[in-house]
>>> print(open('final.pdb').read())   # PDB, C-alpha atoms (C1' of nucleotides)
MODEL        1
ATOM      1  CA  MET P   1     102.058 103.076 107.770
ATOM      2  CA  PRO P   2      98.660 104.398 107.709
ATOM      3  CA  GLU P   3      96.096 103.271 105.312
ATOM      4  CA  LEU P   4      92.399 103.883 105.868
ATOM      5  CA  PRO P   5      91.959 101.706 108.993
ATOM      6  CA  GLU P   6      94.915 103.268 110.787
ATOM      7  CA  VAL P   7      93.921 106.860 110.049
ATOM      8  CA  GLU P   8      90.302 106.053 110.922
ATOM      9  CA  THR P   9      91.390 104.580 114.259
ATOM     10  CA  ILE P  10      93.313 107.740 115.099
ATOM     11  CA  ARG P  11      90.362 109.864 114.008
ATOM     12  CA  ARG P  12      87.883 108.056 116.256
ATOM     13  CA  GLN P  13      90.189 108.336 119.241
ATOM     14  CA  LEU P  14      90.983 111.997 118.670
ATOM     15  CA  ILE P  15      87.295 112.898 118.482
ATOM     16  CA  GLN P  16      87.005 111.817 122.098
ATOM     17  CA  GLU P  17      89.989 113.873 123.164
ATOM     18  CA  ILE P  18      90.111 117.132 121.242
ATOM     19  CA  VAL P  19      86.685 118.163 119.927
ATOM     20  CA  GLY P  20      85.630 121.297 121.818
ATOM     21  CA  LYS P  21      89.199 122.203 122.766
ATOM     22  CA  LYS P  22      91.031 125.237 121.438
ATOM     23  CA  LEU P  23      94.208 125.267 119.361
ATOM     24  CA  ASN P  24      95.809 128.686 118.832
ATOM     25  CA  GLY P  25      92.585 130.224 120.090
ATOM     26  CA  LYS P  26      90.437 128.422 117.539
ATOM     27  CA  LYS P  27      87.811 125.940 118.629
ATOM     28  CA  ILE P  28      87.911 122.391 117.212
ATOM     29  CA  VAL P  29      84.506 121.388 115.935
ATOM     30  CA  ARG P  30      85.178 118.152 114.063
ATOM     31  CA  VAL P  31      87.778 115.502 113.231
ATOM     32  CA  ARG P  32      87.318 113.978 109.791
ATOM     33  CA  ARG P  33      89.164 111.737 107.376
ATOM     34  CA  ARG P  34      89.367 111.869 103.586
ATOM     35  CA  ALA P  35      91.364 109.080 101.966
ATOM     36  CA  LYS P  36      94.425 108.780 104.238
ATOM     37  CA  ILE P  37      94.303 112.415 105.331
ATOM     38  CA  LEU P  38      93.201 113.364 108.816
ATOM     39  CA  ILE P  39      91.309 116.666 108.983
ATOM     40  CA  ILE P  40      90.772 118.799 112.074
ATOM     41  CA  ASP P  41      88.079 121.433 111.449
ATOM     42  CA  PHE P  42      87.873 124.695 113.375
ATOM     43  CA  SER P  43      84.875 126.881 114.134
ATOM     44  CA  ASP P  44      86.150 129.567 111.743
ATOM     45  CA  SER P  45      85.876 126.910 108.976
ATOM     46  CA  SER P  46      89.639 126.609 108.537
ATOM     47  CA  SER P  47      91.248 123.172 108.875
ATOM     48  CA  LEU P  48      94.461 121.471 109.866
ATOM     49  CA  LEU P  49      95.422 118.501 107.675
ATOM     50  CA  PHE P  50      97.788 115.627 108.348
ATOM     51  CA  HIS P  51      99.255 112.979 106.084
ATOM     52  CA  LEU P  52     101.260 110.342 107.938
ATOM     53  CA  LYS P  53     102.764 108.725 104.808
ATOM     54  CA  LEU P  54     104.900 105.734 105.840
ATOM     55  CA  THR P  55     106.082 106.382 109.366
ATOM     56  CA  GLY P  56     104.021 109.223 110.800
ATOM     57  CA  GLN P  57     102.429 109.001 114.243
ATOM     58  CA  LEU P  58      99.913 111.298 115.904
ATOM     59  CA  ILE P  59      99.853 110.694 119.638
ATOM     60  CA  PHE P  60      97.590 112.451 122.088
ATOM     61  CA  ASN P  61      99.572 113.560 125.141
ATOM     62  CA  GLY P  62     102.518 111.610 123.772
ATOM     63  CA  LYS P  63     106.068 112.208 124.903
ATOM     64  CA  ARG P  64     108.556 114.043 122.745
ATOM     65  CA  THR P  65     111.036 111.690 121.037
ATOM     66  CA  LYS P  66     113.969 112.318 118.737
ATOM     67  CA  HIS P  67     111.569 111.865 115.828
ATOM     68  CA  THR P  68     109.049 114.414 117.047
ATOM     69  CA  ARG P  69     108.482 116.955 114.282
ATOM     70  CA  LYS P  70     105.787 119.077 115.874
ATOM     71  CA  VAL P  71     103.803 119.438 119.091
ATOM     72  CA  PHE P  72     100.331 120.991 118.945
ATOM     73  CA  LYS P  73      99.241 122.384 122.302
ATOM     74  CA  PHE P  74      95.613 122.799 123.281
ATOM     75  CA  SER P  75      94.329 125.494 125.590
ATOM     76  CA  ASP P  76      93.697 123.014 128.417
ATOM     77  CA  GLY P  77      97.344 121.930 128.471
ATOM     78  CA  SER P  78      96.894 118.669 126.595
ATOM     79  CA  GLN P  79      98.850 118.167 123.387
ATOM     80  CA  LEU P  80      99.121 116.285 120.125
ATOM     81  CA  VAL P  81     102.570 115.007 119.182
ATOM     82  CA  PHE P  82     103.494 114.410 115.550
ATOM     83  CA  ASN P  83     106.379 111.945 115.115
ATOM     84  CA  ASP P  84     107.820 110.837 111.800
ATOM     85  CA  VAL P  85     111.019 108.839 111.379
ATOM     86  CA  ARG P  86     111.278 109.252 107.622
ATOM     87  CA  LYS P  87     110.021 112.838 107.441
ATOM     88  CA  LEU P  88     107.763 112.083 104.509
ATOM     89  CA  GLY P  89     104.585 113.011 106.335
ATOM     90  CA  TRP P  90     103.228 116.532 106.487
ATOM     91  CA  TRP P  91     100.674 118.822 108.075
ATOM     92  CA  LYS P  92      99.238 122.038 106.768
ATOM     93  CA  LYS P  93      96.646 124.654 107.528
ATOM     94  CA  VAL P  94      94.054 125.397 104.869
ATOM     95  CA  LYS P  95      91.122 127.784 104.669
ATOM     96  CA  ASP P  96      89.042 125.344 102.711
ATOM     97  CA  THR P  97      89.340 121.585 102.165
ATOM     98  CA  LYS P  98      87.244 121.351  98.975
ATOM     99  CA  LYS P  99      90.232 121.343  96.641
ATOM    100  CA  ILE P 100      91.954 118.600  98.572
ATOM    101  CA  GLU P 101      88.878 116.446  98.899
ATOM    102  CA  LYS P 102      88.319 116.597  95.155
ATOM    103  CA  GLN P 103      91.679 114.957  94.447
ATOM    104  CA  PHE P 104      90.403 111.571  95.560
ATOM    105  CA  GLY P 105      88.003 108.949  94.301
ATOM    106  CA  PRO P 106      85.113 107.659  96.402
ATOM    107  CA  GLU P 107      85.869 106.441  99.912
ATOM    108  CA  ALA P 108      86.528 102.708 100.047
ATOM    109  CA  LEU P 109      84.038 102.302 102.897
ATOM    110  CA  GLY P 110      81.455 104.579 101.287
ATOM    111  CA  ILE P 111      81.344 103.308  97.717
ATOM    112  CA  ASP P 112      78.377 101.182  96.609
ATOM    113  CA  PHE P 113      78.588  98.129  94.394
ATOM    114  CA  GLU P 114      77.147  99.724  91.250
ATOM    115  CA  THR P 115      79.603 102.627  91.408
ATOM    116  CA  PHE P 116      82.473 100.217  91.988
ATOM    117  CA  LYS P 117      81.511  98.185  88.908
ATOM    118  CA  THR P 118      81.172 101.320  86.796
ATOM    119  CA  LEU P 119      84.564 102.622  87.875
ATOM    120  CA  LEU P 120      86.214  99.278  87.081
ATOM    121  CA  LYS P 121      84.794  99.399  83.566
ATOM    122  CA  LYS P 122      86.518 102.729  83.027
ATOM    123  CA  ARG P 123      89.930 101.212  83.761
ATOM    124  CA  PRO P 124      89.892  97.965  81.744
ATOM    125  CA  LYS P 125      93.633  97.704  81.200
ATOM    126  CA  SER P 126      94.737  98.428  84.743
ATOM    127  CA  LYS P 127      96.196  95.716  86.890
ATOM    128  CA  ILE P 128      93.888  95.219  89.813
ATOM    129  CA  LYS P 129      96.373  95.679  92.651
ATOM    130  CA  PRO P 130      97.782  99.068  91.606
ATOM    131  CA  LEU P 131      94.240 100.079  90.728
ATOM    132  CA  LEU P 132      92.944  99.350  94.236
ATOM    133  CA  MET P 133      95.828 101.432  95.586
ATOM    134  CA  ASP P 134      95.149 104.341  93.229
ATOM    135  CA  GLN P 135      93.655 107.026  95.474
ATOM    136  CA  LYS P 136      91.969 108.694  92.507
ATOM    137  CA  PHE P 137      90.175 105.435  91.768
ATOM    138  CA  ILE P 138      89.173 104.532  95.328
ATOM    139  CA  ALA P 139      90.432 106.307  98.429
ATOM    140  CA  GLY P 140      91.955 104.620 101.446
ATOM    141  CA  ILE P 141      93.521 101.328 100.355
ATOM    142  CA  GLY P 142      97.310 100.900 100.473
ATOM    143  CA  ASN P 143      99.781  98.075 100.113
ATOM    144  CA  ILE P 144      98.865  95.921 103.111
ATOM    145  CA  TYR P 145      95.136  95.941 102.541
ATOM    146  CA  SER P 146      95.280  95.599  98.756
ATOM    147  CA  ASN P 147      97.195  92.363  99.250
ATOM    148  CA  GLU P 148      94.789  91.111 101.903
ATOM    149  CA  ILE P 149      91.701  92.076  99.891
ATOM    150  CA  LEU P 150      92.904  90.260  96.771
ATOM    151  CA  PHE P 151      93.769  87.155  98.762
ATOM    152  CA  GLY P 152      90.290  87.228 100.305
ATOM    153  CA  ALA P 153      88.775  87.508  96.830
ATOM    154  CA  LYS P 154      91.106  84.830  95.379
ATOM    155  CA  VAL P 155      92.198  87.218  92.626
ATOM    156  CA  HIS P 156      95.761  87.424  91.304
ATOM    157  CA  PRO P 157      97.231  90.923  91.810
ATOM    158  CA  LEU P 158      98.283  91.194  88.144
ATOM    159  CA  CYS P 159      94.765  90.469  86.896
ATOM    160  CA  LEU P 160      93.508  93.149  84.490
ATOM    161  CA  ALA P 161      90.271  94.851  85.471
ATOM    162  CA  LYS P 162      88.546  93.848  82.220
ATOM    163  CA  THR P 163      89.229  90.145  82.766
ATOM    164  CA  LEU P 164      87.512  89.993  86.157
ATOM    165  CA  THR P 165      84.351  87.893  86.294
ATOM    166  CA  SER P 166      81.289  89.427  87.927
ATOM    167  CA  LYS P 167      81.733  86.991  90.785
ATOM    168  CA  GLU P 168      85.292  88.202  91.308
ATOM    169  CA  ILE P 169      84.220  91.833  91.188
ATOM    170  CA  GLN P 170      81.606  91.131  93.815
ATOM    171  CA  SER P 171      84.117  89.309  95.978
ATOM    172  CA  ILE P 172      86.680  92.117  95.742
ATOM    173  CA  PHE P 173      83.968  94.594  96.697
ATOM    174  CA  GLN P 174      82.867  92.524  99.681
ATOM    175  CA  ASN P 175      86.431  91.971 100.832
ATOM    176  CA  ILE P 176      87.194  95.689 100.691
ATOM    177  CA  LYS P 177      84.384  96.322 103.155
ATOM    178  CA  LYS P 178      85.000  93.263 105.300
ATOM    179  CA  ILE P 179      88.753  93.615 105.678
ATOM    180  CA  LEU P 180      88.852  97.374 106.211
ATOM    181  CA  LYS P 181      86.127  97.152 108.856
ATOM    182  CA  ALA P 182      87.829  94.249 110.626
ATOM    183  CA  ALA P 183      91.109  96.170 110.603
ATOM    184  CA  ILE P 184      89.408  99.205 112.161
ATOM    185  CA  ARG P 185      87.951  96.970 114.886
ATOM    186  CA  HIS P 186      91.499  95.873 115.689
ATOM    187  CA  GLN P 187      92.932  99.426 115.680
ATOM    188  CA  GLY P 188      94.826  98.838 112.428
ATOM    189  CA  SER P 189      98.059  97.027 111.559
ATOM    190  CA  SER P 190     101.233  97.849 113.481
ATOM    191  CA  PHE P 191     103.651  96.316 111.044
ATOM    192  CA  GLU P 192     106.499  98.639 111.950
ATOM    193  CA  TYR P 193     105.917 102.196 113.045
ATOM    194  CA  TYR P 194     102.199 102.598 113.304
ATOM    195  CA  LEU P 195     100.777 103.567 116.692
ATOM    196  CA  ASP P 196      97.263 104.791 117.392
ATOM    197  CA  ALA P 197      96.434 108.137 119.029
ATOM    198  CA  TYR P 198      97.097 106.617 122.461
ATOM    199  CA  GLY P 199     100.501 105.280 121.422
ATOM    200  CA  GLN P 200      99.211 101.690 121.276
ATOM    201  CA  LYS P 201      99.915  99.134 118.584
ATOM    202  CA  GLY P 202      97.134  97.919 116.321
ATOM    203  CA  ASP P 203      96.284  94.241 116.446
ATOM    204  CA  TYR P 204      95.401  93.479 112.887
ATOM    205  CA  VAL P 205      98.840  92.115 111.888
ATOM    206  CA  LYS P 206      97.732  88.923 113.654
ATOM    207  CA  TYR P 207      95.107  88.514 110.969
ATOM    208  CA  HIS P 208      97.288  89.193 107.939
ATOM    209  CA  LYS P 209      97.010  86.233 105.622
ATOM    210  CA  VAL P 210      99.555  87.119 102.938
ATOM    211  CA  TYR P 211     101.300  90.411 103.693
ATOM    212  CA  HIS P 212     104.782  89.435 104.933
ATOM    213  CA  GLN P 213     103.596  85.868 105.489
ATOM    214  CA  ASP P 214     105.387  82.627 104.549
ATOM    215  CA  LYS P 215     102.637  80.097 103.944
ATOM    216  CA  CYS P 216      99.127  80.362 102.600
ATOM    217  CA  PRO P 217      96.761  79.854 105.566
ATOM    218  CA  VAL P 218      94.378  77.937 103.281
ATOM    219  CA  CYS P 219      96.617  75.520 101.324
ATOM    220  CA  ARG P 220     100.076  75.931 102.930
ATOM    221  CA  THR P 221     101.670  76.862  99.594
ATOM    222  CA  ASP P 222     104.595  79.282  99.868
ATOM    223  CA  ILE P 223     103.446  82.875  99.585
ATOM    224  CA  LYS P 224     104.993  84.569  96.574
ATOM    225  CA  ARG P 225     106.366  88.089  96.549
ATOM    226  CA  ILE P 226     106.730  90.059  93.332
ATOM    227  CA  LYS P 227     107.118  93.726  92.459
ATOM    228  CA  ILE P 228     104.163  95.457  90.875
ATOM    229  CA  GLY P 229     104.560  99.156  90.244
ATOM    230  CA  GLY P 230     107.527  99.229  92.571
ATOM    231  CA  ARG P 231     105.586  97.818  95.520
ATOM    232  CA  SER P 232     105.722  94.338  97.025
ATOM    233  CA  ALA P 233     102.754  92.208  96.103
ATOM    234  CA  TYR P 234     102.157  89.114  98.248
ATOM    235  CA  PHE P 235      99.887  86.348  97.084
ATOM    236  CA  CYS P 236      99.268  82.619  97.084
ATOM    237  CA  PRO P 237     100.083  81.291  93.601
ATOM    238  CA  LYS P 238      97.690  78.390  94.108
ATOM    239  CA  CYS P 239      94.653  80.232  95.515
ATOM    240  CA  GLN P 240      95.094  83.314  93.325
ATOM    241  CA  LYS P 241      95.520  82.127  89.747
ATOM    242  CA  LEU P 242      96.008  84.508  86.855
TER     243      LEU P 242
ATOM    244  C1'  DC A 243      96.621 107.016  77.960
ATOM    245  C1'  DC A 244      99.633 103.905  80.965
ATOM    246  C1'  DG A 245     103.233 102.283  83.594
ATOM    247  C1'  DA A 246     107.913 102.208  85.280
ATOM    248  C1'  DA A 247     111.462 104.560  87.730
ATOM    249  C1'  DG A 248     113.323 107.888  90.568
ATOM    250  C1'  DA A 249     112.831 111.259  94.341
ATOM    251  C1'  DC A 250     111.657 112.426  98.842
ATOM    252  C1'  DC A 251     113.835 110.574 103.922
ATOM    253  C1'  DT A 252     115.702 107.442 107.760
ATOM    254  C1'  DG A 253     116.717 103.183 109.817
ATOM    255  C1'  DC A 254     117.000  98.360 110.098
ATOM    256  C1'  DT A 255     118.555  93.736 108.463
ATOM    257  C1'  DG A 256     121.258  90.396 106.105
ATOM    258  C1'  DG A 257     125.165  89.051 103.368
ATOM    259  C1'  DC A 258     129.968  89.231 102.516
TER     260       DC A 258
ATOM    261  C1'  DT B 259     133.179  95.029 112.967
ATOM    262  C1'  DG B 260     132.273  97.532 108.640
ATOM    263  C1'  DC B 261     130.186  98.411 104.438
ATOM    264  C1'  DC B 262     126.741  98.035 101.055
ATOM    265  C1'  DA B 263     122.404  96.582  99.108
ATOM    266  C1'  DG B 264     117.765  96.048  99.796
ATOM    267  C1'  DC B 265     113.743  96.822 102.172
ATOM    268  C1'  DA B 266     109.767  99.631 104.400
ATOM    269  C1'  DG B 267     102.512 101.063 105.438
ATOM    270  C1'  DG B 268     102.809 106.763 100.422
ATOM    271  C1'  DT B 269     102.597 110.026  97.080
ATOM    272  C1'  DC B 270     104.779 113.083  93.400
ATOM    273  C1'  DT B 271     107.152 114.067  89.197
ATOM    274  C1'  DT B 272     109.447 112.771  85.084
ATOM    275  C1'  DC B 273     110.155 110.080  81.242
ATOM    276  C1'  DG B 274     109.406 106.550  77.643
TER     277       DG B 274
ENDMDL
END
>>> encode(input="final.pdb", output="structure tokens")
Amino acid sequence: MPELPEVETIRRQLIQEIVGKKLNGKKIVRVRRRAKILIIDFSDSSSLLFHLKLTGQLIFNGKRTKHTRKVFKFSDGSQLVFNDVRKLGWWKKVKDTKKIEKQFGPEALGIDFETFKTLLKKRPKSKIKPLLMDQKFIAGIGNIYSNEILFGAKVHPLCLAKTLTSKEIQSIFQNIKKILKAAIRHQGSSFEYYLDAYGQKGDYVKYHKVYHQDKCPVCRTDIKRIKIGGRSAYFCPKCQKL
DNA sequence: CCGAAGACCTGCTGGC
DNA sequence: TGCCAGCAGGTCTTCG
């Protein structure tokens, strides 16, 4: 499930619900996100981290289900329910988040164009799709949004970074910002398991142009699916030429 | 250095 | 109906 827009949606909702409350006697002062990790900060400067991986859900005042892995109870009686069908997600308490934050590249919504260009130059031989999904390169983009971003930029997913024209680089950059922001506005993509912090589905699947789609919305060509680095890449072979 | 493949897990779908 | 393969939004590690 969760890529940047989904985790960001949960973060924004949880801020409204849990900041100021106490968990195990410790006061919550902040809810942050780094890459796809949700971070709850306490007043004693310790933190609680969550990674939802593919099927994790974090639901405020949600009901226990057979996939509930943990329930966090706040001092006012409200609670945060962590569900995860595939058990790949995790949570952990840390004293300090510096080490974790350092593992990732710049935030996809924070990076500026010059930095993006510079980083691309450092990875000339990388295929663009796996590169966009590499959290050490840029943090926050996963399989759905990498496909949508490259369609928006009309760039083939197997394109090598060094072969991109400056126009294409600019378009990829703009589409990263545009698509991630639009997805946040629509509370993310509920393709299968994703639910926001209120247990609601995100709307953005309606706007997917290539991910799990049949026809290109621009030219009606059949969308192609290939494996790149073990993940499904979706693209329009006519609009996104190699 | 890079990339591919397998591992971690469960559940759903489609084909035979 | 049953069984098996393939698929799924993410990272890790291992190996070539």
>>> residues_around(input="final.pdb", residues="P:Gln103", least_positions_apart="3", cutoff="12 Å", atoms="all atoms listed in the file", output="NGL selection string")
:P and (34-37 or 97-100 or 106-107 or 134-139)
>>> axis_aligned_box(input="final.pdb", around="stretch 251-258 of chain A", padding_each_side="5 Å", output="AutoDock Vina command-line options")
--center_x 121.9 --center_y 99.8 --center_z 106.3 --size_x 26.1 --size_y 31.5 --size_z 17.6
>>> resolve_selection(input="final.pdb", expression="the PyMOL selection byres ((chain P) within 10 of (chain A))", output="PyMOL selection string")
chain P and resi 55+84-89+125-126+228-230
>>> interface_residues(input="final.pdb", of="chain B", to="chain P", cutoff="12 Å", atoms="all atoms listed in the file", output="ChimeraX atom specification")
/B:265-270
>>> atom_distance(input="final.pdb", atom1="atom CA of P:Leu150", atom2="atom CA of P:His208")
12.0 Å
>>> atom_distance(input="final.pdb", atom1="atom CA of P:Pro217", atom2="atom CA of P:Cys236")
9.3 Å
>>> resolve_selection(input="final.pdb", expression="the PyMOL selection byres ((chain P and resi 43) around 9)", output="PyMOL selection string")
chain P and resi 26-30+41-42+44-46
>>> resolve_selection(input="final.pdb", expression="the PyMOL selection byres ((chain P and resi 149) around 12)", output="VMD selection string")
chain P and resid 108 128 to 129 132 to 133 141 to 148 150 to 157 168 to 183 208 to 211 233 to 235 240
>>> atom_distance(input="final.pdb", atom1="atom C1' of B:DC262", atom2="atom CA of P:Asn83")
28.4 Å
>>> residues_around(input="final.pdb", residues="stretch 219-222 of chain P", least_positions_apart="3", cutoff="9 Å", atoms="only C-alpha atoms (C1' of nucleotides)", output="NGL selection string")
:P and (213-216 or 235-239)
>>> build_atoms(input="final.pdb", residues="stretch 76-110 of chain P", atoms="N, CA and C atoms", output="PDB file, in the frame of the given file")
ATOM      1  N   ASP P  76      93.816 123.630 127.077  1.00  0.00           N
ATOM      2  CA  ASP P  76      93.697 123.014 128.417  1.00  0.00           C
ATOM      3  C   ASP P  76      94.991 122.340 128.861  1.00  0.00           C
ATOM      4  N   GLY P  77      96.059 122.496 128.071  1.00  0.00           N
ATOM      5  CA  GLY P  77      97.344 121.930 128.471  1.00  0.00           C
ATOM      6  C   GLY P  77      97.637 120.573 127.856  1.00  0.00           C
ATOM      7  N   SER P  78      96.636 119.943 127.270  1.00  0.00           N
ATOM      8  CA  SER P  78      96.894 118.669 126.595  1.00  0.00           C
ATOM      9  C   SER P  78      97.573 118.959 125.254  1.00  0.00           C
ATOM     10  N   GLN P  79      98.116 117.928 124.631  1.00  0.00           N
ATOM     11  CA  GLN P  79      98.850 118.167 123.387  1.00  0.00           C
ATOM     12  C   GLN P  79      98.803 116.993 122.429  1.00  0.00           C
ATOM     13  N   LEU P  80      99.088 117.298 121.176  1.00  0.00           N
ATOM     14  CA  LEU P  80      99.121 116.285 120.125  1.00  0.00           C
ATOM     15  C   LEU P  80     100.528 116.283 119.542  1.00  0.00           C
ATOM     16  N   VAL P  81     101.172 115.108 119.609  1.00  0.00           N
ATOM     17  CA  VAL P  81     102.570 115.007 119.182  1.00  0.00           C
ATOM     18  C   VAL P  81     102.655 114.314 117.825  1.00  0.00           C
ATOM     19  N   PHE P  82     103.310 114.969 116.891  1.00  0.00           N
ATOM     20  CA  PHE P  82     103.494 114.410 115.550  1.00  0.00           C
ATOM     21  C   PHE P  82     104.920 113.895 115.422  1.00  0.00           C
ATOM     22  N   ASN P  83     105.065 112.571 115.307  1.00  0.00           N
ATOM     23  CA  ASN P  83     106.379 111.945 115.115  1.00  0.00           C
ATOM     24  C   ASN P  83     106.461 111.403 113.692  1.00  0.00           C
ATOM     25  N   ASP P  84     107.678 111.400 113.130  1.00  0.00           N
ATOM     26  CA  ASP P  84     107.820 110.837 111.800  1.00  0.00           C
ATOM     27  C   ASP P  84     109.289 110.526 111.508  1.00  0.00           C
ATOM     28  N   VAL P  85     109.636 109.259 111.597  1.00  0.00           N
ATOM     29  CA  VAL P  85     111.019 108.839 111.379  1.00  0.00           C
ATOM     30  C   VAL P  85     111.522 109.272 110.006  1.00  0.00           C
ATOM     31  N   ARG P  86     110.767 109.007 108.974  1.00  0.00           N
ATOM     32  CA  ARG P  86     111.278 109.252 107.622  1.00  0.00           C
ATOM     33  C   ARG P  86     110.952 110.633 107.062  1.00  0.00           C
ATOM     34  N   LYS P  87     110.280 111.441 107.824  1.00  0.00           N
ATOM     35  CA  LYS P  87     110.021 112.838 107.441  1.00  0.00           C
ATOM     36  C   LYS P  87     109.232 113.011 106.149  1.00  0.00           C
ATOM     37  N   LEU P  88     108.531 111.954 105.749  1.00  0.00           N
ATOM     38  CA  LEU P  88     107.763 112.083 104.509  1.00  0.00           C
ATOM     39  C   LEU P  88     106.377 112.660 104.768  1.00  0.00           C
ATOM     40  N   GLY P  89     105.916 112.518 105.989  1.00  0.00           N
ATOM     41  CA  GLY P  89     104.585 113.011 106.335  1.00  0.00           C
ATOM     42  C   GLY P  89     104.546 114.527 106.409  1.00  0.00           C
ATOM     43  N   TRP P  90     103.346 115.078 106.442  1.00  0.00           N
ATOM     44  CA  TRP P  90     103.228 116.532 106.487  1.00  0.00           C
ATOM     45  C   TRP P  90     101.953 116.952 107.211  1.00  0.00           C
ATOM     46  N   TRP P  91     101.911 118.214 107.591  1.00  0.00           N
ATOM     47  CA  TRP P  91     100.674 118.822 108.075  1.00  0.00           C
ATOM     48  C   TRP P  91     100.578 120.190 107.442  1.00  0.00           C
ATOM     49  N   LYS P  92      99.382 120.670 107.266  1.00  0.00           N
ATOM     50  CA  LYS P  92      99.238 122.038 106.768  1.00  0.00           C
ATOM     51  C   LYS P  92      97.886 122.620 107.120  1.00  0.00           C
ATOM     52  N   LYS P  93      97.880 123.948 107.243  1.00  0.00           N
ATOM     53  CA  LYS P  93      96.646 124.654 107.528  1.00  0.00           C
ATOM     54  C   LYS P  93      96.041 125.092 106.205  1.00  0.00           C
ATOM     55  N   VAL P  94      94.737 124.913 106.070  1.00  0.00           N
ATOM     56  CA  VAL P  94      94.054 125.397 104.869  1.00  0.00           C
ATOM     57  C   VAL P  94      92.773 126.126 105.270  1.00  0.00           C
ATOM     58  N   LYS P  95      92.355 127.042 104.390  1.00  0.00           N
ATOM     59  CA  LYS P  95      91.122 127.784 104.669  1.00  0.00           C
ATOM     60  C   LYS P  95      89.911 126.958 104.277  1.00  0.00           C
ATOM     61  N   ASP P  96      90.158 126.065 103.314  1.00  0.00           N
ATOM     62  CA  ASP P  96      89.042 125.344 102.711  1.00  0.00           C
ATOM     63  C   ASP P  96      89.565 123.986 102.246  1.00  0.00           C
ATOM     64  N   THR P  97      88.835 122.916 102.522  1.00  0.00           N
ATOM     65  CA  THR P  97      89.340 121.585 102.165  1.00  0.00           C
ATOM     66  C   THR P  97      88.774 121.061 100.840  1.00  0.00           C
ATOM     67  N   LYS P  98      87.922 121.841 100.200  1.00  0.00           N
ATOM     68  CA  LYS P  98      87.244 121.351  98.975  1.00  0.00           C
ATOM     69  C   LYS P  98      88.229 120.872  97.918  1.00  0.00           C
ATOM     70  N   LYS P  99      89.272 121.673  97.680  1.00  0.00           N
ATOM     71  CA  LYS P  99      90.232 121.343  96.641  1.00  0.00           C
ATOM     72  C   LYS P  99      90.926 120.014  96.943  1.00  0.00           C
ATOM     73  N   ILE P 100      91.271 119.830  98.187  1.00  0.00           N
ATOM     74  CA  ILE P 100      91.954 118.600  98.572  1.00  0.00           C
ATOM     75  C   ILE P 100      91.029 117.395  98.468  1.00  0.00           C
ATOM     76  N   GLU P 101      89.816 117.566  98.925  1.00  0.00           N
ATOM     77  CA  GLU P 101      88.878 116.446  98.899  1.00  0.00           C
ATOM     78  C   GLU P 101      88.573 115.980  97.481  1.00  0.00           C
ATOM     79  N   LYS P 102      88.635 116.920  96.544  1.00  0.00           N
ATOM     80  CA  LYS P 102      88.319 116.597  95.155  1.00  0.00           C
ATOM     81  C   LYS P 102      89.389 115.749  94.476  1.00  0.00           C
ATOM     82  N   GLN P 103      90.583 115.702  95.071  1.00  0.00           N
ATOM     83  CA  GLN P 103      91.679 114.957  94.447  1.00  0.00           C
ATOM     84  C   GLN P 103      91.498 113.442  94.523  1.00  0.00           C
ATOM     85  N   PHE P 104      90.518 113.005  95.319  1.00  0.00           N
ATOM     86  CA  PHE P 104      90.403 111.571  95.560  1.00  0.00           C
ATOM     87  C   PHE P 104      89.120 110.979  94.996  1.00  0.00           C
ATOM     88  N   GLY P 105      89.190 109.686  94.707  1.00  0.00           N
ATOM     89  CA  GLY P 105      88.003 108.949  94.301  1.00  0.00           C
ATOM     90  C   GLY P 105      87.116 108.696  95.502  1.00  0.00           C
ATOM     91  N   PRO P 106      86.027 107.945  95.302  1.00  0.00           N
ATOM     92  CA  PRO P 106      85.113 107.659  96.402  1.00  0.00           C
ATOM     93  C   PRO P 106      85.799 106.902  97.546  1.00  0.00           C
ATOM     94  N   GLU P 107      85.343 107.130  98.731  1.00  0.00           N
ATOM     95  CA  GLU P 107      85.869 106.441  99.912  1.00  0.00           C
ATOM     96  C   GLU P 107      85.620 104.937  99.812  1.00  0.00           C
ATOM     97  N   ALA P 108      86.642 104.168 100.136  1.00  0.00           N
ATOM     98  CA  ALA P 108      86.528 102.708 100.047  1.00  0.00           C
ATOM     99  C   ALA P 108      85.378 102.171 100.906  1.00  0.00           C
ATOM    100  N   LEU P 109      85.125 102.795 102.042  1.00  0.00           N
ATOM    101  CA  LEU P 109      84.038 102.302 102.897  1.00  0.00           C
ATOM    102  C   LEU P 109      82.698 102.951 102.559  1.00  0.00           C
ATOM    103  N   GLY P 110      82.703 103.908 101.621  1.00  0.00           N
ATOM    104  CA  GLY P 110      81.455 104.579 101.287  1.00  0.00           C
ATOM    105  C   GLY P 110      80.889 104.146  99.941  1.00  0.00           C
TER     106      GLY P 110
END
